[in-house]
Amino acid sequence: MIFELDNVELYFKNKRILNGIYLKAETGQVTAILGRNGCGKSSLLNIAFGNLKPKYKLIRLNSKPLLKPLYLTGLTKYLPQYNFIPSGIKLSFVFKLYQLDWDSFTENFEAFSIYKSSKLKALSGGERRIVETYIILKTKSDIVFLDEPFSHLSPLHIETVKQMIAEEKEHKVIIISDHLYQHIIEVSDTIYLLKNGATKKIEKLTELEDYKYLSEGSL
């Protein structure tokens with residue numbers, strides 16, 4: 001599948017936030033959005049998913065315009081920055097709800113085996129992030145949006161999540177954004193830099209320094 005987001009215009013109180021946006025992602029690749037805090041990365045993901053209505057946008061799937069919000073198609077899953085699963089639900093029920101195998105999860109994250117009958121509120125912030133990221137990545141879909149999936153994770157868990165992303169991209173479109181640019185660069189096939197409300201496709205990593213996203217010598 002080929003996903004395209006084009007001609008996005010977003011205003012907040014007459015202030016232009018996004019304009020001149022183009023982004024292309026496809027099955028078999030991880031497409032990243034990098035940019036400084038507050039530049040509109042989360043807004044762009046919300047627009048793509050259909051949570052946020054801009055002044056204008058155009059979404060195409062396999063070159064055909066999509067005339068309804070993407071989330072209504074059943075094709076996509078979205079990991080927001082905030083916790084989206086209620087705290088009072090048991091993990092065993094969550095995995096049953098999303099039709100995912102608990103044992104497969106604990107093969108990747110052995111330390112979670114003690115939590116099967118626990119409620120999500122018993123987990124730390126990083127542990128909840130792992131559960132929710134796993135669910136979004138592993139639940140059946142064609143397109144996955146990940147907003148800050150590495151937030152609050154330990155280095156070991158970050159590597160496990162990166163491996164999961166690499167596996168899932170083989171049959172999904174994955175679009176990711178995170179401020180931990182080193183991990184984004186490692187896991188991504190295509191990178192767009194969001195700056196001054198517009199996207200720039202990065203052809204060489206040194207352009208991230210040229211466009212002042214990274215300081216010289218960061219790479």
# chains A, B, ... in the order shown; residues from 1 in each chain; ligands from 1
>>> residues_around(residues="Thr27 of chain A", least_positions_apart="2", cutoff="10 Å", atoms="only C-alpha atoms", output="PyMOL selection string")
chain A and resi 1-3+25+29-31+142-143+168-174
>>> write_last_selection(atoms="C-alpha atoms", output="mmCIF file, in the first residue's frame")
data_model
loop_
_atom_site.group_PDB
_atom_site.id
_atom_site.type_symbol
_atom_site.label_atom_id
_atom_site.label_comp_id
_atom_site.auth_asym_id
_atom_site.auth_seq_id
_atom_site.Cartn_x
_atom_site.Cartn_y
_atom_site.Cartn_z
ATOM 1 C CA MET A 1 0.000 0.000 0.000
ATOM 2 C CA ILE A 2 1.105 3.554 -0.718
ATOM 3 C CA PHE A 3 -0.080 6.302 1.644
ATOM 4 C CA ALA A 25 4.909 6.220 2.978
ATOM 5 C CA GLN A 29 9.267 0.943 4.861
ATOM 6 C CA VAL A 30 9.362 3.019 8.030
ATOM 7 C CA THR A 31 8.774 6.693 7.307
ATOM 8 C CA ASP A 142 -2.349 -1.781 7.150
ATOM 9 C CA ILE A 143 -1.108 1.591 8.426
ATOM 10 C CA GLU A 168 5.923 -5.284 11.291
ATOM 11 C CA LYS A 169 6.982 -2.973 8.456
ATOM 12 C CA GLU A 170 7.192 -6.003 6.160
ATOM 13 C CA HIS A 171 3.387 -5.949 5.846
ATOM 14 C CA LYS A 172 2.441 -2.477 7.109
ATOM 15 C CA VAL A 173 2.941 1.191 6.363
ATOM 16 C CA ILE A 174 4.645 2.624 9.474
#
>>> residues_around(residues="Ile136 of chain A", least_positions_apart="5", cutoff="7 Å", atoms="only C-alpha atoms", output="list in words")
Lys77, Tyr78 and Leu79 of chain A
>>> write_last_selection(atoms="N, CA and C atoms", output="CSV table (one decimal), in the first residue's frame")
chain,number,residue,atom,x,y,z
A,77,LYS,N,-4.0,2.0,12.8
A,77,LYS,CA,-3.9,2.1,14.2
A,77,LYS,C,-3.0,3.2,14.6
A,78,TYR,N,-3.2,3.9,15.7
A,78,TYR,CA,-2.5,5.1,16.1
A,78,TYR,C,-2.1,5.1,17.5
A,79,LEU,N,-0.8,5.3,17.8
A,79,LEU,CA,-0.3,5.4,19.1
A,79,LEU,C,-0.1,6.9,19.4
>>> residues_around(residues="segment 38-42 of chain A", least_positions_apart="3", cutoff="10 Å", atoms="only C-alpha atoms", output="short mmCIF file (atom, residue, chain, number, x, y, z; two decimals) with N, CA, C and O atoms, in the first residue's frame")
data_model
loop_
_atom_site.label_atom_id
_atom_site.label_comp_id
_atom_site.auth_asym_id
_atom_site.auth_seq_id
_atom_site.Cartn_x
_atom_site.Cartn_y
_atom_site.Cartn_z
N LEU A 10 -3.03 24.01 8.12
CA LEU A 10 -3.57 24.02 9.47
C LEU A 10 -3.32 25.38 10.12
O LEU A 10 -2.20 25.89 10.09
N ILE A 17 0.09 27.00 11.09
CA ILE A 17 0.96 26.00 11.72
C ILE A 17 1.60 25.10 10.67
O ILE A 17 2.79 24.81 10.72
N LEU A 18 0.79 24.64 9.72
CA LEU A 18 1.27 23.75 8.67
C LEU A 18 0.81 24.27 7.31
O LEU A 18 -0.33 24.68 7.14
N ILE A 33 9.06 11.30 10.75
CA ILE A 33 8.89 12.75 10.76
C ILE A 33 9.73 13.30 11.91
O ILE A 33 9.48 13.00 13.08
N LEU A 34 10.73 14.08 11.58
CA LEU A 34 11.57 14.73 12.58
C LEU A 34 11.29 16.22 12.59
O LEU A 34 10.85 16.79 11.59
N GLY A 35 11.55 16.85 13.72
CA GLY A 35 11.34 18.29 13.84
C GLY A 35 11.43 18.70 15.29
O GLY A 35 11.30 17.87 16.19
N LEU A 45 0.31 13.99 12.51
CA LEU A 45 -0.13 12.60 12.68
C LEU A 45 -1.64 12.55 12.95
O LEU A 45 -2.34 11.68 12.44
N ASN A 46 -2.13 13.47 13.77
CA ASN A 46 -3.56 13.52 14.06
C ASN A 46 -4.38 13.86 12.82
O ASN A 46 -5.48 13.34 12.63
N ILE A 47 -3.85 14.72 11.99
CA ILE A 47 -4.52 15.04 10.72
C ILE A 47 -4.57 13.82 9.82
O ILE A 47 -5.59 13.50 9.22
N ALA A 48 -3.45 13.11 9.73
CA ALA A 48 -3.39 11.92 8.88
C ALA A 48 -4.38 10.86 9.36
O ALA A 48 -5.07 10.23 8.55
N PRO A 80 -0.97 7.43 20.28
CA PRO A 80 -0.79 8.85 20.65
C PRO A 80 0.28 8.99 21.73
O PRO A 80 0.78 8.00 22.27
N GLN A 81 0.61 10.22 22.07
CA GLN A 81 1.61 10.45 23.11
C GLN A 81 1.08 10.07 24.50
O GLN A 81 1.84 9.71 25.38
N LEU A 146 2.94 6.06 14.89
CA LEU A 146 3.56 5.97 16.21
C LEU A 146 4.08 7.35 16.62
O LEU A 146 5.01 7.89 15.99
N ASP A 147 3.50 7.92 17.67
CA ASP A 147 3.93 9.23 18.17
C ASP A 147 4.68 9.02 19.49
O ASP A 147 4.08 8.66 20.49
N GLU A 148 5.99 9.24 19.46
CA GLU A 148 6.86 9.08 20.63
C GLU A 148 6.82 7.65 21.23
O GLU A 148 6.62 7.48 22.43
N ILE A 176 6.39 7.21 11.85
CA ILE A 176 6.86 7.35 13.23
C ILE A 176 7.42 8.74 13.48
O ILE A 176 8.01 9.35 12.58
N SER A 177 7.23 9.23 14.69
CA SER A 177 7.85 10.48 15.11
C SER A 177 8.32 10.33 16.55
O SER A 177 7.63 9.73 17.38
N ASP A 178 9.51 10.85 16.84
CA ASP A 178 10.04 10.78 18.20
C ASP A 178 11.18 11.79 18.31
O ASP A 178 11.89 12.04 17.34
N LEU A 193 11.80 16.06 7.33
CA LEU A 193 12.01 17.07 8.36
C LEU A 193 10.89 18.09 8.27
O LEU A 193 10.61 18.64 7.19
N LEU A 194 10.22 18.32 9.40
CA LEU A 194 9.15 19.31 9.48
C LEU A 194 9.73 20.60 10.06
O LEU A 194 10.17 20.62 11.21
N LYS A 195 9.75 21.63 9.25
CA LYS A 195 10.33 22.91 9.67
C LYS A 195 9.58 24.05 9.00
O LYS A 195 9.26 23.98 7.81
N ASN A 196 9.28 25.07 9.80
CA ASN A 196 8.54 26.24 9.29
C ASN A 196 7.23 25.83 8.62
O ASN A 196 6.82 26.43 7.62
N GLY A 197 6.59 24.80 9.16
CA GLY A 197 5.28 24.39 8.69
C GLY A 197 5.27 23.55 7.43
O GLY A 197 4.20 23.20 6.93
N ALA A 198 6.45 23.21 6.90
CA ALA A 198 6.52 22.44 5.66
C ALA A 198 7.44 21.23 5.85
O ALA A 198 8.28 21.20 6.75
#
>>> residues_around(residues="Leu219 of chain A", least_positions_apart="2", cutoff="10 Å", atoms="only C-alpha atoms", output="PyMOL selection string")
chain A and resi 182+185+205-206+208-209+214-217
>>> atom_distance(atom1="atom CA of Leu44 of chain A", atom2="atom CA of Phe150 of chain A")
18.6 Å
>>> residues_around(residues="Leu5 of chain A", least_positions_apart="4", cutoff="6 Å", atoms="only C-alpha atoms", output="short mmCIF file (atom, residue, chain, number, x, y, z; two decimals) with all heavy atoms, in the first residue's frame")
data_model
loop_
_atom_site.label_atom_id
_atom_site.label_comp_id
_atom_site.auth_asym_id
_atom_site.auth_seq_id
_atom_site.Cartn_x
_atom_site.Cartn_y
_atom_site.Cartn_z
N TYR A 22 3.85 17.60 2.28
CA TYR A 22 3.71 16.38 1.48
C TYR A 22 4.49 15.28 2.18
O TYR A 22 5.61 15.48 2.64
CB TYR A 22 4.24 16.55 0.06
CG TYR A 22 4.17 15.24 -0.73
CD1 TYR A 22 2.95 14.80 -1.23
CD2 TYR A 22 5.29 14.45 -0.93
CE1 TYR A 22 2.85 13.60 -1.94
CE2 TYR A 22 5.21 13.25 -1.63
CZ TYR A 22 3.98 12.83 -2.12
OH TYR A 22 3.89 11.64 -2.80
N LEU A 23 3.88 14.11 2.25
CA LEU A 23 4.51 12.96 2.88
C LEU A 23 4.04 11.70 2.17
O LEU A 23 2.85 11.55 1.90
CB LEU A 23 4.15 12.91 4.37
CG LEU A 23 4.80 11.83 5.23
CD1 LEU A 23 5.04 12.38 6.64
CD2 LEU A 23 3.90 10.60 5.33
N LEU A 58 -5.32 16.44 1.70
CA LEU A 58 -5.64 15.42 0.71
C LEU A 58 -4.88 14.15 1.08
O LEU A 58 -3.66 14.18 1.23
CB LEU A 58 -5.24 15.87 -0.70
CG LEU A 58 -5.43 14.83 -1.82
CD1 LEU A 58 -6.90 14.44 -1.95
CD2 LEU A 58 -4.90 15.35 -3.14
N ILE A 59 -5.62 13.07 1.27
CA ILE A 59 -5.01 11.77 1.53
C ILE A 59 -5.29 10.85 0.35
O ILE A 59 -6.43 10.79 -0.13
CB ILE A 59 -5.56 11.15 2.83
CG1 ILE A 59 -5.00 11.89 4.05
CG2 ILE A 59 -5.18 9.67 2.93
CD1 ILE A 59 -5.51 11.37 5.37
#
>>> closest_residue(among="A:Glu107, A:Tyr115, A:Thr76, A:Glu167", to="Phe93 of chain A", atoms="only C-alpha atoms")
A:Tyr115
>>> select_by_dssp(residues="segment 62-198 of chain A", states="alpha helix (DSSP H)", output="VMD selection string")
chain A and resid 91 to 97 102 to 108 125 to 138 155 to 168 181 to 187
>>> select_by_dssp(residues="segment 11-173 of chain A", states="strand (DSSP E or B)", output="PyMOL selection string")
chain A and resi 11-12+15-26+30-34+56-61+64-65+76-79+90+119+143-147+173
>>> write_last_selection(atoms="N, CA and C atoms", output="short mmCIF file (atom, residue, chain, number, x, y, z; two decimals), in the first residue's frame")
data_model
loop_
_atom_site.label_atom_id
_atom_site.label_comp_id
_atom_site.auth_asym_id
_atom_site.auth_seq_id
_atom_site.Cartn_x
_atom_site.Cartn_y
_atom_site.Cartn_z
N TYR A 11 -4.38 25.93 10.69
CA TYR A 11 -4.29 27.22 11.38
C TYR A 11 -4.83 27.07 12.80
N PHE A 12 -4.19 27.74 13.76
CA PHE A 12 -4.72 27.89 15.11
C PHE A 12 -4.85 29.37 15.39
N LYS A 15 -3.19 31.71 13.12
CA LYS A 15 -1.75 31.50 12.95
C LYS A 15 -1.53 30.22 12.15
N ARG A 16 -0.80 30.34 11.07
CA ARG A 16 -0.55 29.17 10.22
C ARG A 16 0.47 28.26 10.89
N ILE A 17 0.09 27.00 11.09
CA ILE A 17 0.96 26.00 11.72
C ILE A 17 1.60 25.10 10.67
N LEU A 18 0.79 24.64 9.72
CA LEU A 18 1.27 23.75 8.67
C LEU A 18 0.81 24.27 7.31
N ASN A 19 1.70 24.20 6.34
CA ASN A 19 1.35 24.62 4.98
C ASN A 19 2.41 24.07 4.03
N GLY A 20 1.96 23.49 2.92
CA GLY A 20 2.92 22.94 1.98
C GLY A 20 3.46 21.59 2.41
N ILE A 21 2.59 20.79 3.02
CA ILE A 21 2.99 19.47 3.52
C ILE A 21 2.83 18.41 2.43
N TYR A 22 3.85 17.60 2.28
CA TYR A 22 3.71 16.38 1.48
C TYR A 22 4.49 15.28 2.18
N LEU A 23 3.88 14.11 2.25
CA LEU A 23 4.51 12.96 2.88
C LEU A 23 4.04 11.70 2.17
N LYS A 24 4.97 10.84 1.86
CA LYS A 24 4.65 9.57 1.21
C LYS A 24 5.25 8.43 2.01
N ALA A 25 4.44 7.40 2.25
CA ALA A 25 4.91 6.22 2.98
C ALA A 25 4.33 4.98 2.30
N GLU A 26 5.02 3.86 2.45
CA GLU A 26 4.53 2.65 1.79
C GLU A 26 4.87 1.40 2.59
N VAL A 30 9.70 2.15 6.91
CA VAL A 30 9.36 3.02 8.03
C VAL A 30 9.65 4.45 7.60
N THR A 31 8.64 5.29 7.69
CA THR A 31 8.77 6.69 7.31
C THR A 31 8.73 7.56 8.56
N ALA A 32 9.75 8.39 8.73
CA ALA A 32 9.88 9.19 9.95
C ALA A 32 9.60 10.65 9.71
N ILE A 33 9.06 11.30 10.75
CA ILE A 33 8.89 12.75 10.76
C ILE A 33 9.73 13.30 11.91
N LEU A 34 10.73 14.08 11.58
CA LEU A 34 11.57 14.73 12.58
C LEU A 34 11.29 16.22 12.59
N TYR A 56 -7.37 22.34 5.11
CA TYR A 56 -7.37 21.54 3.88
C TYR A 56 -6.38 20.38 4.04
N LYS A 57 -6.69 19.26 3.43
CA LYS A 57 -5.77 18.14 3.34
C LYS A 57 -6.23 17.24 2.19
N LEU A 58 -5.32 16.44 1.70
CA LEU A 58 -5.64 15.42 0.71
C LEU A 58 -4.88 14.15 1.08
N ILE A 59 -5.62 13.07 1.27
CA ILE A 59 -5.01 11.77 1.53
C ILE A 59 -5.29 10.85 0.35
N ARG A 60 -4.26 10.18 -0.10
CA ARG A 60 -4.42 9.21 -1.18
C ARG A 60 -3.91 7.85 -0.70
N LEU A 61 -4.67 6.81 -1.01
CA LEU A 61 -4.25 5.44 -0.78
C LEU A 61 -4.13 4.77 -2.14
N LYS A 64 -5.48 6.81 -4.98
CA LYS A 64 -6.90 7.16 -4.99
C LYS A 64 -7.23 8.05 -3.79
N PRO A 65 -7.87 9.21 -4.01
CA PRO A 65 -8.23 10.11 -2.91
C PRO A 65 -9.15 9.42 -1.89
N THR A 76 -6.19 1.38 9.92
CA THR A 76 -5.09 2.01 10.61
C THR A 76 -5.16 1.90 12.13
N LYS A 77 -3.99 1.99 12.77
CA LYS A 77 -3.88 2.06 14.23
C LYS A 77 -2.96 3.24 14.57
N TYR A 78 -3.24 3.90 15.69
CA TYR A 78 -2.53 5.12 16.05
C TYR A 78 -2.11 5.09 17.51
N LEU A 79 -0.82 5.26 17.76
CA LEU A 79 -0.30 5.38 19.12
C LEU A 79 -0.11 6.86 19.44
N LYS A 90 -7.56 -4.85 33.46
CA LYS A 90 -6.51 -5.86 33.61
C LYS A 90 -5.82 -6.12 32.27
N LYS A 119 -3.82 -4.76 36.86
CA LYS A 119 -4.40 -3.64 36.12
C LYS A 119 -3.29 -2.73 35.61
N ILE A 143 -1.86 0.35 8.19
CA ILE A 143 -1.11 1.59 8.43
C ILE A 143 -0.99 1.82 9.93
N VAL A 144 0.21 2.15 10.40
CA VAL A 144 0.45 2.40 11.82
C VAL A 144 1.10 3.77 11.99
N PHE A 145 0.54 4.57 12.88
CA PHE A 145 1.15 5.85 13.26
C PHE A 145 1.68 5.72 14.68
N LEU A 146 2.94 6.06 14.89
CA LEU A 146 3.56 5.97 16.21
C LEU A 146 4.08 7.35 16.62
N ASP A 147 3.50 7.92 17.67
CA ASP A 147 3.93 9.23 18.17
C ASP A 147 4.68 9.02 19.49
N VAL A 173 2.40 -0.16 6.48
CA VAL A 173 2.94 1.19 6.36
C VAL A 173 3.16 1.69 7.80
#
>>> residues_around(residues="Glu203 of chain A", least_positions_apart="4", cutoff="10 Å", atoms="only C-alpha atoms", output="ChimeraX atom specification")
/A:190-192,207-208
>>> atom_distance(atom1="atom CA of Tyr71 of chain A", atom2="atom CA of Gly50 of chain A")
6.1 Å
>>> residues_around(residues="Phe112 of chain A", least_positions_apart="3", cutoff="10 Å", atoms="only C-alpha atoms", output="list in words")
Leu91, Trp102, Phe105, Thr106, Glu107, Asn108, Phe109, Tyr115, Lys116, Ser118, Leu123, Glu127, Ile130 and Val131 of chain A
>>> write_last_selection(atoms="N, CA, C and O atoms", output="PDB file, in the first residue's frame")
ATOM      1  N   LEU A  91      -4.538  -6.414  32.341  1.00  0.00           N
ATOM      2  CA  LEU A  91      -3.781  -6.685  31.114  1.00  0.00           C
ATOM      3  C   LEU A  91      -4.330  -7.901  30.370  1.00  0.00           C
ATOM      4  O   LEU A  91      -4.362  -7.909  29.131  1.00  0.00           O
ATOM      5  N   TRP A 102      -0.949 -13.358  24.899  1.00  0.00           N
ATOM      6  CA  TRP A 102      -0.148 -12.899  26.025  1.00  0.00           C
ATOM      7  C   TRP A 102       1.232 -13.556  26.051  1.00  0.00           C
ATOM      8  O   TRP A 102       2.253 -12.911  26.314  1.00  0.00           O
ATOM      9  N   PHE A 105       3.674 -11.994  23.767  1.00  0.00           N
ATOM     10  CA  PHE A 105       4.142 -10.725  24.327  1.00  0.00           C
ATOM     11  C   PHE A 105       5.254 -10.948  25.352  1.00  0.00           C
ATOM     12  O   PHE A 105       6.298 -10.287  25.309  1.00  0.00           O
ATOM     13  N   THR A 106       5.050 -11.887  26.263  1.00  0.00           N
ATOM     14  CA  THR A 106       6.045 -12.109  27.315  1.00  0.00           C
ATOM     15  C   THR A 106       7.307 -12.796  26.801  1.00  0.00           C
ATOM     16  O   THR A 106       8.342 -12.782  27.471  1.00  0.00           O
ATOM     17  N   GLU A 107       7.251 -13.379  25.616  1.00  0.00           N
ATOM     18  CA  GLU A 107       8.472 -13.884  25.000  1.00  0.00           C
ATOM     19  C   GLU A 107       9.414 -12.727  24.668  1.00  0.00           C
ATOM     20  O   GLU A 107      10.637 -12.844  24.761  1.00  0.00           O
ATOM     21  N   ASN A 108       8.822 -11.604  24.269  1.00  0.00           N
ATOM     22  CA  ASN A 108       9.604 -10.404  23.959  1.00  0.00           C
ATOM     23  C   ASN A 108       9.943  -9.608  25.212  1.00  0.00           C
ATOM     24  O   ASN A 108      10.995  -8.968  25.287  1.00  0.00           O
ATOM     25  N   PHE A 109       9.018  -9.626  26.178  1.00  0.00           N
ATOM     26  CA  PHE A 109       9.180  -8.827  27.395  1.00  0.00           C
ATOM     27  C   PHE A 109       8.934  -9.735  28.607  1.00  0.00           C
ATOM     28  O   PHE A 109       7.851  -9.726  29.193  1.00  0.00           O
ATOM     29  N   TYR A 115       2.510  -9.732  35.408  1.00  0.00           N
ATOM     30  CA  TYR A 115       1.463  -8.709  35.354  1.00  0.00           C
ATOM     31  C   TYR A 115       0.159  -9.165  34.700  1.00  0.00           C
ATOM     32  O   TYR A 115      -0.759  -8.363  34.541  1.00  0.00           O
ATOM     33  N   LYS A 116       0.063 -10.417  34.313  1.00  0.00           N
ATOM     34  CA  LYS A 116      -1.093 -10.845  33.531  1.00  0.00           C
ATOM     35  C   LYS A 116      -2.426 -10.508  34.205  1.00  0.00           C
ATOM     36  O   LYS A 116      -3.375 -10.092  33.543  1.00  0.00           O
ATOM     37  N   SER A 118      -2.765  -8.207  36.555  1.00  0.00           N
ATOM     38  CA  SER A 118      -2.674  -6.861  37.118  1.00  0.00           C
ATOM     39  C   SER A 118      -3.421  -5.856  36.242  1.00  0.00           C
ATOM     40  O   SER A 118      -3.612  -6.071  35.046  1.00  0.00           O
ATOM     41  N   LEU A 123       1.429  -0.611  36.545  1.00  0.00           N
ATOM     42  CA  LEU A 123       2.649  -0.506  35.738  1.00  0.00           C
ATOM     43  C   LEU A 123       3.240   0.904  35.835  1.00  0.00           C
ATOM     44  O   LEU A 123       2.524   1.873  36.074  1.00  0.00           O
ATOM     45  N   GLU A 127       6.483   1.062  31.385  1.00  0.00           N
ATOM     46  CA  GLU A 127       5.868  -0.248  31.153  1.00  0.00           C
ATOM     47  C   GLU A 127       4.546  -0.113  30.408  1.00  0.00           C
ATOM     48  O   GLU A 127       4.244  -0.915  29.509  1.00  0.00           O
ATOM     49  N   ILE A 130       5.233   0.427  26.772  1.00  0.00           N
ATOM     50  CA  ILE A 130       5.579  -0.812  26.075  1.00  0.00           C
ATOM     51  C   ILE A 130       4.321  -1.585  25.696  1.00  0.00           C
ATOM     52  O   ILE A 130       4.178  -2.044  24.556  1.00  0.00           O
ATOM     53  N   VAL A 131       3.401  -1.737  26.641  1.00  0.00           N
ATOM     54  CA  VAL A 131       2.162  -2.476  26.380  1.00  0.00           C
ATOM     55  C   VAL A 131       1.374  -1.823  25.249  1.00  0.00           C
ATOM     56  O   VAL A 131       0.932  -2.496  24.307  1.00  0.00           O
TER      57      VAL A 131
END
>>> atom_distance(atom1="atom CA of Arg36 of chain A", atom2="atom CA of His157 of chain A")
24.2 Å
>>> closest_residue(among="A:Arg129, A:Lys138, A:Lys212, A:Lys55", to="Ile165 of chain A", atoms="only C-alpha atoms")
A:Lys138
>>> closest_residue(among="A:Ser92, A:Lys162, A:Glu186, A:Pro149", to="Ile114 of chain A", atoms="only C-alpha atoms")
A:Ser92
